[in-house]
Each structure stands twice: as C-alpha cells, then as structure tokens.
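Chemist: First, the structure itself, so that you have it in front of you.
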Amino acid sequence: MCEKESKITKSRMMKYKVNFLPAAEEDLFAIYKYVRINDSKSAAEKLFNKLFEKCSMLKNYPERGHCPPELQLIEVYDYLEIHYKPYRIIYQVLGKQIFVHCILDGRRDMQKLLQERLLREL
C-alpha cells in the first residue's frame, strides 16, 4: 500500500469527538426525569443509556444522519439528525468534532422547536 493510500485509510479510521452542548445535556436529563417520574427508574436509565450510546456512535459514522426536513424547507443544511424511537438527535459536524445540539421528542412541533433552538444560534 502506498503512503497516500495509507493516509487516506487512517483518516477514514480516525474517530470524531462527540460533544454535547449544554442544551442537549439538559434535554437528555429532562427525558430521564420525565420517564423516571412517569414510568420507572430502570426504564429511565435504559432510555438514557440508549440515547447516550446512539450519540456516541456518531464518533465512528458522523455522516450517517440526514438533514432534518423542517430545516431543508428553509434551506438550512448545517445540521444532521439521527433517530432513536420518537427521539430526534440533532447534531452538526465541524472538522473532526461532532456537536449534539438537541435531543427532541419527534412527536412535538418540530418546525417550531428547531426554529427556536437552532436558528437563534445562526
């Protein structure tokens, strides 16, 4: 394998760093608290771990998500999303860093939520 091919292979294997913005951390803990109060501690912990794991998996496959359709409608393509059950994880890839902006219940008014949460940052 030539040196150039080796560098390309290494760059593909490099893991990205996943960062949770404060708003995303708040979302994760709010989901945990809601499920703990309305269901059980074990269900809350299981969901918390699954959502955290889903976000953490982005370090290996950051481009696996797609642009949220609500943002495409207004021609904003800076964000991607992945799903876990009804939850939508909205993130941004900048260089070798992933920034999780929010974790939202997809059953809510996403157009309004995304405009409130993301577009105020632009």
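Just so we're on the same page: first chain in the structure tokens is A, next is B, and so on; residues restart at 1 for each chain, and ligands are numbered from 1 in the order they show up.
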Taking 6 positions as the minimum chain separation for residues in the same chain, which residues sit within 8 Å of Tyr79 (chain A) when counting only C-alpha atoms? Answer as a ChimeraX atom specification.

Modeler: /A:67-68,90-93

Chemist: Could you produce a table of the residues of region 17-82 of chain A lying within 10 Å of region 105-110 of chain A, with the nearest pair of atoms per residue and their separation in Å rounded to one decimal, using only C-alpha atoms, ordered by chain and increasing residue number, as a tab-separated table?

Modeler:
residue	atom	partner	partner_atom	distance
A:Asp27	CA	A:Asp105	CA	9.5
A:Ile31	CA	A:Asp105	CA	8.9
A:Pro68	CA	A:Met110	CA	9.4
A:Pro69	CA	A:Met110	CA	9.7
A:Glu70	CA	A:Met110	CA	7.2
A:Leu71	CA	A:Met110	CA	9.7

Chemist: Please identify the strand (DSSP E) residues within region 52-100 of chain A (assignment by DSSP from backbone atoms) and present them as a list in words.

Modeler: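 Selecting the strand (DSSP E) positions of region 52-100 of chain A gives Leu80, Glu81, Ile82, His83, Tyr84, Tyr87, Arg88, Ile89, Ile90, Tyr91, Gln92, Val93, Leu94, Gln97, Ile98, Phe99 and Val100 of chain A.
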
Chemist: Residues of region 5-68 of chain A classed as alpha helix (DSSP H) by DSSP on the backbone are to be reported as a ChimeraX atom specification.

Modeler: /A:5-13,22-38,41-56

Chemist: Would you export the selected residues with C-alpha atoms as a compact mmCIF listing (two decimals), in the first residue's frame, please?

Modeler:
# COMPACT_ATOMS: atom_id res chain seq x y z
CA GLU A 5 -3.45 5.22 0.43
CA SER A 6 -2.24 4.61 3.98
CA LYS A 7 -3.02 8.22 4.97
CA ILE A 8 -6.48 8.02 3.39
CA THR A 9 -7.22 4.79 5.24
CA LYS A 10 -6.01 6.30 8.53
CA SER A 11 -8.15 9.42 8.10
CA ARG A 12 -11.22 7.28 7.49
CA MET A 13 -10.47 5.30 10.64
CA PRO A 22 -25.47 22.32 27.34
CA ALA A 23 -28.93 22.36 25.73
CA ALA A 24 -28.52 18.73 24.61
CA GLU A 25 -27.39 17.70 28.10
CA GLU A 26 -30.46 19.43 29.52
CA ASP A 27 -32.67 17.58 27.01
CA LEU A 28 -31.15 14.24 27.96
CA PHE A 29 -31.66 14.82 31.68
CA ALA A 30 -35.19 16.16 31.15
CA ILE A 31 -36.09 12.98 29.23
CA TYR A 32 -34.56 10.90 32.02
CA LYS A 33 -36.53 12.77 34.71
CA TYR A 34 -39.80 12.55 32.78
CA VAL A 35 -39.50 8.78 32.25
CA ARG A 36 -38.39 8.20 35.85
CA ILE A 37 -41.43 10.07 37.20
CA ASN A 38 -43.94 8.62 34.72
CA LYS A 41 -36.05 4.39 37.31
CA SER A 42 -34.92 1.35 35.31
CA ALA A 43 -36.83 2.47 32.20
CA ALA A 44 -35.34 5.97 32.55
CA GLU A 45 -31.81 4.59 32.90
CA LYS A 46 -32.27 2.27 29.94
CA LEU A 47 -33.54 5.10 27.71
CA PHE A 48 -30.82 7.48 28.92
CA ASN A 49 -28.13 4.88 28.12
CA LYS A 50 -29.61 4.13 24.68
CA LEU A 51 -29.79 7.81 23.73
CA PHE A 52 -26.26 8.43 25.00
CA GLU A 53 -24.99 5.35 23.13
CA LYS A 54 -26.72 6.47 19.93
CA CYS A 55 -24.99 9.86 20.18
CA SER A 56 -21.65 8.27 21.00

Chemist: So which one's closest to Gln97 (chain A), A:Leu119, A:Leu114, A:Val18, A:Ile82? Using only C-alpha atoms, please.

Modeler: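 Result for the nearest residue to Gln97 (chain A): A:Val18.
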
Chemist: CA of Glu81 (chain A) and CA of His66 (chain A), how far apart in Å?

Modeler: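 One can read the CA of His66 (chain A) to CA of Glu81 (chain A) distance as 5.4 Å.
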